Amino acid sequence: MTGPGSGTIGQSPGGGSAPPANKNLVLLPGVKAEPFYISMQCGAEAEAAKLGYQLQTQAPDQFEAGLQTPIVTGVLATRPAGVLIAPTDDVALANPMTQLKDAGIKVVEVDTRLQDESVALATVSSNNEQGGQLAAQTVAQLIGDKGKVLVLNTKAGTSTTDARAKGFEDEIAKHPGITYLGQEYTDNQPAVAAQKVTAKLASDPDLAAVFATNLNTGEGAATGLRNAGKTDQVRLVGFDASPKQVEGMRSGEVTALIAQDPATIGRDGVQQVVAAIEGKPVQREIQTDLIAITRDDMDSKSQYFYKTAC
């Protein structure tokens, strides 16, 4: 789905187009073996094959700029025609991604983005701020517009989750009966998320709801609530629809999920990078749908559940 203010652009001036014979693409997700990125990979692979391109995927073991940067450097040496990348830091990845651009490789951001908008030709992502607003509206409904609410974020400098947290904070401020306890960072580690929930329950035993801004944080928050025996008391709204979170919603440990459409992000990303390679117009901004899923309607919205294999 196209976001407001989207436009089209051609190839970047002096970009040094790759030879038409080069049909090689590389997808660089934020982390390996995460259902969100696997689902994105599935969509990207299918679209690449449809358009006659080969797509290879390389990802770090953890969502870390220090681990993703050498992968980007390694890809630079192989000179693919295009790269789809989810930068793990909105500043730290600017230099390695600029090196790709300067080498004539077409760069498209998928999921996350740099602060510097001059590096990538296109950005394909969910409307994350809107997703945070949807999460806040869902929380408010679930707790009857009153009570204490905590946000668990991943890492500062992650463009997607920071936008979700901002959207949530802006929207929850419209509900005066809700006390916003702020956000805490989990380093994208489920164990840390579980610890944060445990600590918050100790200081605020009347905690009413938790919004977890991504998959790992949501899974960890569910563990923390389960270990504390507070699953029935605290409403957990997660972001992403991984198999574990879907299972948690079915069992009642997760109250609601804000699901993205990662396969479409992958598909649209491939379409934009191929357009750039072939000298066709590129759409600078593309935003895909998000949807709130609850236990009551989860079976009718199963197409939004993430995959663990293509």
# chains A, B, ... in the order shown; residues from 1 in each chain; ligands from 1
$ residues_around --residues "A:Leu27" --least-positions-apart "5" --cutoff "7 Å" --atoms "only C-alpha atoms" --output "PDB file with C-alpha atoms, in the first residue's frame"
ATOM      1  CA  LEU A  55      18.262 -13.684  -4.745  1.00  0.00           C
ATOM      2  CA  GLN A  56      20.663 -14.695  -1.979  1.00  0.00           C
ATOM      3  CA  THR A  57      20.016 -13.969   1.693  1.00  0.00           C
ATOM      4  CA  GLN A  58      22.656 -13.223   4.350  1.00  0.00           C
ATOM      5  CA  VAL A  83      20.755  -5.069  -2.411  1.00  0.00           C
ATOM      6  CA  LEU A  84      17.697  -5.126  -0.170  1.00  0.00           C
ATOM      7  CA  ILE A  85      18.707  -4.283   3.389  1.00  0.00           C
TER       8      ILE A  85
END
$ select_by_dssp --residues "stretch 79-250 of chain A" --states "strand (DSSP E)" --output "number ranges by chain"
A: 82-85, 106-110, 122-126, 147-153, 178-185, 207-212, 235-239
$ write_last_selection --atoms "C-alpha atoms" --output "CSV table (one decimal), in the first residue's frame"
chain,number,residue,atom,x,y,z
A,82,GLY,CA,21.0,-4.8,-6.2
A,83,VAL,CA,20.8,-5.1,-2.4
A,84,LEU,CA,17.7,-5.1,-0.2
A,85,ILE,CA,18.7,-4.3,3.4
A,106,LYS,CA,21.1,-0.3,-6.3
A,107,VAL,CA,20.1,-0.1,-2.6
A,108,VAL,CA,16.6,-0.5,-1.3
A,109,GLU,CA,15.7,-0.4,2.4
A,110,VAL,CA,13.2,-3.0,3.7
A,122,ALA,CA,13.5,3.3,-2.0
A,123,THR,CA,12.2,2.3,1.4
A,124,VAL,CA,9.5,-0.3,1.9
A,125,SER,CA,8.1,-0.8,5.4
A,126,SER,CA,5.1,-0.9,7.6
A,147,GLY,CA,-4.7,1.6,34.5
A,148,LYS,CA,-0.9,1.6,34.2
A,149,VAL,CA,0.8,0.7,30.9
A,150,LEU,CA,4.4,-0.1,30.1
A,151,VAL,CA,6.2,-0.2,26.7
A,152,LEU,CA,9.1,-2.6,26.1
A,153,ASN,CA,11.2,-1.4,23.2
A,178,ILE,CA,-4.3,5.6,31.5
A,179,THR,CA,-1.0,6.1,33.3
A,180,TYR,CA,1.9,5.7,30.9
A,181,LEU,CA,5.0,4.3,32.7
A,182,GLY,CA,7.3,5.0,29.8
A,183,GLN,CA,9.4,2.7,27.8
A,184,GLU,CA,12.3,0.4,28.7
A,185,TYR,CA,14.8,-1.2,26.3
A,207,LEU,CA,0.3,-3.0,36.1
A,208,ALA,CA,-2.6,-3.3,33.6
A,209,ALA,CA,-0.9,-3.8,30.2
A,210,VAL,CA,2.3,-4.1,28.3
A,211,PHE,CA,3.0,-3.2,24.7
A,212,ALA,CA,6.0,-5.0,23.3
A,235,ARG,CA,-2.9,-7.5,29.0
A,236,LEU,CA,-0.1,-8.1,26.6
A,237,VAL,CA,-0.2,-6.6,23.2
A,238,GLY,CA,2.6,-7.7,20.9
A,239,PHE,CA,4.0,-6.6,17.6
$ residues_around --residues "A:Gly74" --least-positions-apart "2" --cutoff "12 Å" --atoms "only C-alpha atoms" --output "list in words"
Val26, Leu28, Gln58, Ala59, Leu67, Gln68, Thr69, Pro70, Ile71, Val72, Leu76, Ala77, Thr78, Arg79, Pro80, Pro96, Met97, Gln99 and Leu100 of chain A
$ write_last_selection --atoms "all heavy atoms" --output "tab-separated table (two decimals), in the first residue's frame"
chain	number	residue	atom	x	y	z
A	26	VAL	N	20.81	-9.44	-3.47
A	26	VAL	CA	21.11	-9.93	-2.12
A	26	VAL	C	20.14	-9.27	-1.14
A	26	VAL	O	19.93	-8.05	-1.19
A	26	VAL	CB	22.56	-9.63	-1.70
A	26	VAL	CG1	22.82	-10.12	-0.28
A	26	VAL	CG2	23.55	-10.29	-2.66
A	28	LEU	N	19.56	-8.56	2.83
A	28	LEU	CA	20.29	-8.50	4.10
A	28	LEU	C	19.31	-8.15	5.22
A	28	LEU	O	19.14	-6.99	5.58
A	28	LEU	CB	21.40	-7.46	4.03
A	28	LEU	CG	22.45	-7.65	2.93
A	28	LEU	CD1	23.44	-6.50	2.90
A	28	LEU	CD2	23.19	-8.97	3.11
A	58	GLN	N	21.62	-13.14	3.32
A	58	GLN	CA	22.66	-13.22	4.35
A	58	GLN	C	22.22	-12.36	5.53
A	58	GLN	O	21.83	-11.21	5.34
A	58	GLN	CB	24.01	-12.73	3.82
A	58	GLN	CG	24.56	-13.51	2.65
A	58	GLN	CD	25.91	-12.98	2.21
A	58	GLN	OE1	26.76	-12.66	3.04
A	58	GLN	NE2	26.11	-12.88	0.91
A	59	ALA	N	22.30	-12.91	6.73
A	59	ALA	CA	21.85	-12.16	7.90
A	59	ALA	C	22.75	-12.45	9.10
A	59	ALA	O	23.29	-13.55	9.23
A	59	ALA	CB	20.41	-12.55	8.24
A	67	LEU	N	27.67	-6.69	13.69
A	67	LEU	CA	27.63	-7.98	13.01
A	67	LEU	C	27.13	-7.84	11.57
A	67	LEU	O	27.51	-8.62	10.69
A	67	LEU	CB	26.72	-8.95	13.77
A	67	LEU	CG	27.15	-9.32	15.18
A	67	LEU	CD1	26.13	-10.24	15.84
A	67	LEU	CD2	28.53	-10.00	15.17
A	68	GLN	N	26.28	-6.85	11.32
A	68	GLN	CA	25.76	-6.68	9.97
A	68	GLN	C	26.76	-5.97	9.04
A	68	GLN	O	26.83	-6.28	7.85
A	68	GLN	CB	24.45	-5.89	10.01
A	68	GLN	CG	23.69	-5.89	8.67
A	68	GLN	CD	22.40	-5.10	8.75
A	68	GLN	OE1	22.35	-4.02	9.34
A	68	GLN	NE2	21.35	-5.61	8.14
A	69	THR	N	27.55	-5.06	9.60
A	69	THR	CA	28.48	-4.28	8.78
A	69	THR	C	29.45	-5.15	7.98
A	69	THR	O	29.61	-4.93	6.76
A	69	THR	CB	29.24	-3.26	9.65
A	69	THR	OG1	28.30	-2.32	10.19
A	69	THR	CG2	30.29	-2.52	8.84
A	70	PRO	N	30.12	-6.14	8.57
A	70	PRO	CA	31.02	-6.98	7.76
A	70	PRO	C	30.30	-7.79	6.68
A	70	PRO	O	30.88	-8.11	5.64
A	70	PRO	CB	31.71	-7.89	8.78
A	70	PRO	CG	30.89	-7.82	10.02
A	70	PRO	CD	30.23	-6.48	10.01
A	71	ILE	N	29.02	-8.11	6.92
A	71	ILE	CA	28.24	-8.80	5.89
A	71	ILE	C	28.03	-7.86	4.70
A	71	ILE	O	28.18	-8.27	3.54
A	71	ILE	CB	26.90	-9.28	6.45
A	71	ILE	CG1	27.13	-10.34	7.53
A	71	ILE	CG2	26.01	-9.84	5.34
A	71	ILE	CD1	25.87	-10.80	8.24
A	72	VAL	N	27.72	-6.60	4.98
A	72	VAL	CA	27.56	-5.62	3.91
A	72	VAL	C	28.86	-5.46	3.13
A	72	VAL	O	28.87	-5.42	1.90
A	72	VAL	CB	27.10	-4.26	4.48
A	72	VAL	CG1	27.00	-3.22	3.36
A	72	VAL	CG2	25.76	-4.39	5.19
A	76	LEU	N	29.59	-6.21	-0.85
A	76	LEU	CA	30.18	-5.20	-1.74
A	76	LEU	C	31.21	-5.84	-2.67
A	76	LEU	O	31.26	-5.52	-3.86
A	76	LEU	CB	30.82	-4.09	-0.90
A	76	LEU	CG	31.61	-3.01	-1.64
A	76	LEU	CD1	30.69	-2.22	-2.56
A	76	LEU	CD2	32.29	-2.07	-0.64
A	77	ALA	N	31.98	-6.77	-2.15
A	77	ALA	CA	33.03	-7.41	-2.95
A	77	ALA	C	32.46	-8.29	-4.06
A	77	ALA	O	33.12	-8.53	-5.07
A	77	ALA	CB	33.94	-8.24	-2.04
A	78	THR	N	31.23	-8.76	-3.90
A	78	THR	CA	30.64	-9.66	-4.90
A	78	THR	C	29.91	-8.91	-6.01
A	78	THR	O	29.53	-9.53	-7.01
A	78	THR	CB	29.66	-10.65	-4.24
A	78	THR	OG1	28.50	-9.94	-3.77
A	78	THR	CG2	30.31	-11.38	-3.07
A	79	ARG	N	29.69	-7.60	-5.83
A	79	ARG	CA	29.07	-6.74	-6.83
A	79	ARG	C	27.73	-7.27	-7.38
A	79	ARG	O	27.59	-7.47	-8.59
A	79	ARG	CB	30.03	-6.51	-8.01
A	79	ARG	CG	31.26	-5.68	-7.69
A	79	ARG	CD	30.85	-4.24	-7.31
A	79	ARG	NE	31.97	-3.31	-7.38
A	79	ARG	CZ	32.86	-3.11	-6.41
A	79	ARG	NH1	32.74	-3.79	-5.28
A	79	ARG	NH2	33.83	-2.25	-6.55
A	80	PRO	N	26.74	-7.49	-6.53
A	80	PRO	CA	25.42	-7.82	-7.06
A	80	PRO	C	24.82	-6.60	-7.75
A	80	PRO	O	25.31	-5.48	-7.58
A	80	PRO	CB	24.62	-8.19	-5.81
A	80	PRO	CG	25.26	-7.38	-4.73
A	80	PRO	CD	26.73	-7.33	-5.06
A	96	PRO	N	28.60	1.93	5.40
A	96	PRO	CA	28.69	0.73	4.55
A	96	PRO	C	27.65	0.71	3.44
A	96	PRO	O	27.93	0.24	2.33
A	96	PRO	CB	28.50	-0.43	5.52
A	96	PRO	CG	28.01	0.14	6.79
A	96	PRO	CD	28.45	1.56	6.83
A	97	MET	N	26.46	1.24	3.69
A	97	MET	CA	25.44	1.27	2.64
A	97	MET	C	25.80	2.29	1.56
A	97	MET	O	25.52	2.08	0.38
A	97	MET	CB	24.06	1.56	3.24
A	97	MET	CG	23.48	0.38	4.00
A	97	MET	SD	21.97	0.80	4.95
A	97	MET	CE	20.85	1.33	3.65
A	99	GLN	N	28.79	2.90	0.63
A	99	GLN	CA	29.79	2.22	-0.19
A	99	GLN	C	29.13	1.35	-1.27
A	99	GLN	O	29.61	1.27	-2.40
A	99	GLN	CB	30.71	1.37	0.69
A	99	GLN	CG	31.62	2.18	1.60
A	99	GLN	CD	32.47	1.31	2.51
A	99	GLN	OE1	32.76	0.17	2.18
A	99	GLN	NE2	32.86	1.84	3.65
A	100	LEU	N	28.03	0.69	-0.92
A	100	LEU	CA	27.28	-0.08	-1.92
A	100	LEU	C	26.78	0.86	-3.03
A	100	LEU	O	26.95	0.58	-4.22
A	100	LEU	CB	26.08	-0.77	-1.27
A	100	LEU	CG	26.33	-1.87	-0.24
A	100	LEU	CD1	25.00	-2.35	0.34
A	100	LEU	CD2	27.09	-3.05	-0.85
$ select_by_dssp --residues "stretch 70-229 of chain A" --states "alpha helix (DSSP H)" --output "ChimeraX atom specification"
/A:70-78,94-102,128-142,159-172,190-203,215-228
$ atom_distance --atom1 "atom CA of A:Arg267" --atom2 "atom CA of A:Val91"
25.5 Å
$ residues_around --residues "stretch 38-46 of chain A" --least-positions-apart "3" --cutoff "8 Å" --atoms "only C-alpha atoms" --output "tab-separated table (two decimals) with all heavy atoms, in the first residue's frame"
chain	number	residue	atom	x	y	z
A	27	LEU	N	19.56	-10.06	-0.28
A	27	LEU	CA	18.71	-9.58	0.81
A	27	LEU	C	19.49	-9.67	2.11
A	27	LEU	O	20.02	-10.74	2.45
A	27	LEU	CB	17.43	-10.43	0.89
A	27	LEU	CG	16.53	-10.20	2.11
A	27	LEU	CD1	15.98	-8.78	2.13
A	27	LEU	CD2	15.39	-11.22	2.14
A	33	ALA	N	17.00	-16.23	11.07
A	33	ALA	CA	16.06	-17.20	11.65
A	33	ALA	C	14.93	-16.59	12.46
A	33	ALA	O	14.39	-17.21	13.36
A	33	ALA	CB	16.82	-18.21	12.52
A	34	GLU	N	14.54	-15.36	12.15
A	34	GLU	CA	13.39	-14.73	12.80
A	34	GLU	C	12.20	-14.82	11.84
A	34	GLU	O	12.32	-14.46	10.66
A	34	GLU	CB	13.70	-13.28	13.15
A	34	GLU	CG	12.60	-12.61	13.97
A	34	GLU	CD	12.99	-11.21	14.40
A	34	GLU	OE1	13.69	-11.07	15.41
A	34	GLU	OE2	12.57	-10.26	13.70
A	35	PRO	N	11.05	-15.30	12.29
A	35	PRO	CA	9.92	-15.51	11.37
A	35	PRO	C	9.53	-14.30	10.54
A	35	PRO	O	9.13	-14.46	9.39
A	35	PRO	CB	8.80	-15.95	12.32
A	35	PRO	CG	9.51	-16.64	13.44
A	35	PRO	CD	10.76	-15.83	13.64
A	49	ALA	N	12.29	-14.61	-8.48
A	49	ALA	CA	12.18	-15.70	-9.46
A	49	ALA	C	11.20	-15.32	-10.57
A	49	ALA	O	11.46	-15.58	-11.76
A	49	ALA	CB	11.73	-16.98	-8.77
A	50	LYS	N	10.11	-14.70	-10.20
A	50	LYS	CA	9.10	-14.28	-11.18
A	50	LYS	C	9.68	-13.28	-12.18
A	50	LYS	O	9.34	-13.32	-13.38
A	50	LYS	CB	7.92	-13.66	-10.43
A	50	LYS	CG	6.81	-13.10	-11.31
A	50	LYS	CD	5.73	-12.47	-10.44
A	50	LYS	CE	4.71	-11.70	-11.27
A	50	LYS	NZ	3.72	-11.01	-10.41
A	54	GLN	N	18.10	-13.81	-9.45
A	54	GLN	CA	18.50	-14.72	-8.39
A	54	GLN	C	18.69	-13.91	-7.11
A	54	GLN	O	19.33	-12.86	-7.13
A	54	GLN	CB	19.81	-15.45	-8.73
A	54	GLN	CG	19.71	-16.40	-9.92
A	54	GLN	CD	19.78	-15.69	-11.25
A	54	GLN	OE1	20.61	-14.81	-11.45
A	54	GLN	NE2	18.90	-16.06	-12.18
A	55	LEU	N	18.15	-14.40	-6.01
A	55	LEU	CA	18.26	-13.68	-4.75
A	55	LEU	C	18.92	-14.57	-3.70
A	55	LEU	O	18.50	-15.70	-3.46
A	55	LEU	CB	16.88	-13.23	-4.26
A	55	LEU	CG	16.89	-12.39	-2.98
A	55	LEU	CD1	15.93	-11.20	-3.09
A	55	LEU	CD2	16.49	-13.24	-1.77
A	57	THR	N	20.28	-14.62	0.41
A	57	THR	CA	20.02	-13.97	1.69
A	57	THR	C	21.17	-14.20	2.66
A	57	THR	O	21.66	-15.33	2.80
A	57	THR	CB	18.71	-14.50	2.32
A	57	THR	OG1	17.62	-14.22	1.44
A	57	THR	CG2	18.43	-13.85	3.67
A	262	PRO	N	5.13	-8.94	6.15
A	262	PRO	CA	6.52	-8.98	5.70
A	262	PRO	C	6.71	-9.56	4.30
A	262	PRO	O	7.63	-9.14	3.58
A	262	PRO	CB	7.22	-9.84	6.75
A	262	PRO	CG	6.13	-10.61	7.41
A	262	PRO	CD	4.93	-9.73	7.37
A	263	ALA	N	5.86	-10.50	3.89
A	263	ALA	CA	6.01	-11.07	2.55
A	263	ALA	C	5.80	-9.99	1.49
A	263	ALA	O	6.52	-9.94	0.47
A	263	ALA	CB	5.03	-12.22	2.35
A	264	THR	N	4.85	-9.10	1.73
A	264	THR	CA	4.60	-8.01	0.79
A	264	THR	C	5.75	-7.01	0.81
A	264	THR	O	6.12	-6.46	-0.24
A	264	THR	CB	3.26	-7.31	1.12
A	264	THR	OG1	2.21	-8.26	0.94
A	264	THR	CG2	3.02	-6.11	0.24
A	265	ILE	N	6.35	-6.77	1.97
A	265	ILE	CA	7.52	-5.90	2.03
A	265	ILE	C	8.64	-6.48	1.16
A	265	ILE	O	9.29	-5.76	0.39
A	265	ILE	CB	8.01	-5.72	3.49
A	265	ILE	CG1	6.96	-4.93	4.30
A	265	ILE	CG2	9.35	-5.00	3.53
A	265	ILE	CD1	7.27	-4.82	5.78
A	266	GLY	N	8.88	-7.79	1.26
A	266	GLY	CA	9.91	-8.43	0.45
A	266	GLY	C	9.59	-8.34	-1.03
A	266	GLY	O	10.46	-8.04	-1.86
A	267	ARG	N	8.35	-8.61	-1.36
A	267	ARG	CA	7.92	-8.56	-2.77
A	267	ARG	C	8.08	-7.16	-3.34
A	267	ARG	O	8.65	-6.96	-4.43
A	267	ARG	CB	6.46	-9.00	-2.87
A	267	ARG	CG	5.91	-9.02	-4.31
A	267	ARG	CD	4.40	-9.04	-4.30
A	267	ARG	NE	3.87	-7.76	-3.83
A	267	ARG	CZ	2.62	-7.58	-3.41
A	267	ARG	NH1	1.78	-8.61	-3.33
A	267	ARG	NH2	2.21	-6.38	-3.02
A	268	ASP	N	7.57	-6.16	-2.61
A	268	ASP	CA	7.65	-4.79	-3.10
A	268	ASP	C	9.10	-4.31	-3.18
A	268	ASP	O	9.47	-3.55	-4.09
A	268	ASP	CB	6.85	-3.85	-2.19
A	268	ASP	CG	5.35	-4.05	-2.32
A	268	ASP	OD1	4.92	-4.85	-3.19
A	268	ASP	OD2	4.60	-3.44	-1.53
A	269	GLY	N	9.93	-4.74	-2.23
A	269	GLY	CA	11.34	-4.37	-2.25
A	269	GLY	C	12.05	-4.88	-3.50
A	269	GLY	O	12.82	-4.15	-4.14
A	270	VAL	N	11.76	-6.12	-3.87
A	270	VAL	CA	12.35	-6.68	-5.09
A	270	VAL	C	11.86	-5.91	-6.32
A	270	VAL	O	12.64	-5.59	-7.23
A	270	VAL	CB	12.03	-8.18	-5.22
A	270	VAL	CG1	12.34	-8.70	-6.62
A	270	VAL	CG2	12.82	-8.98	-4.18
A	306	TYR	N	3.21	-15.31	10.57
A	306	TYR	CA	4.54	-15.39	9.95
A	306	TYR	C	4.99	-16.83	9.77
A	306	TYR	O	4.54	-17.73	10.48
A	306	TYR	CB	5.56	-14.63	10.79
A	306	TYR	CG	5.28	-13.17	11.00
A	306	TYR	CD1	6.08	-12.41	11.85
A	306	TYR	CD2	4.22	-12.51	10.35
A	306	TYR	CE1	5.83	-11.05	12.06
A	306	TYR	CE2	3.97	-11.17	10.56
A	306	TYR	CZ	4.77	-10.44	11.41
A	306	TYR	OH	4.52	-9.11	11.61
A	307	LYS	N	5.93	-17.01	8.84
A	307	LYS	CA	6.42	-18.35	8.50
A	307	LYS	C	7.77	-18.65	9.15
A	307	LYS	O	8.51	-17.73	9.50
A	307	LYS	CB	6.57	-18.48	6.98
A	307	LYS	CG	5.28	-18.31	6.20
A	307	LYS	CD	5.54	-18.42	4.71
A	307	LYS	CE	4.26	-18.29	3.90
A	307	LYS	NZ	4.53	-18.39	2.44
A	308	THR	N	8.08	-19.92	9.28
A	308	THR	CA	9.42	-20.33	9.73
A	308	THR	C	10.22	-20.95	8.59
A	308	THR	O	11.39	-21.27	8.76
A	308	THR	CB	9.32	-21.34	10.89
A	308	THR	OG1	8.50	-22.44	10.48
A	308	THR	CG2	8.71	-20.68	12.12
A	309	ALA	N	9.58	-21.15	7.44
A	309	ALA	CA	10.27	-21.67	6.25
A	309	ALA	C	9.44	-21.32	5.03
A	309	ALA	O	8.21	-21.17	5.12
A	309	ALA	CB	10.45	-23.19	6.33
A	310	CYS	N	10.09	-21.18	3.89
A	310	CYS	CA	9.38	-20.85	2.65
A	310	CYS	C	8.77	-22.12	2.04
A	310	CYS	O	9.34	-23.19	2.15
A	310	CYS	CB	10.33	-20.20	1.65
A	310	CYS	SG	10.99	-18.61	2.23
$ atom_distance --atom1 "atom CA of A:Gln287" --atom2 "atom CA of A:Ile258"
15.2 Å
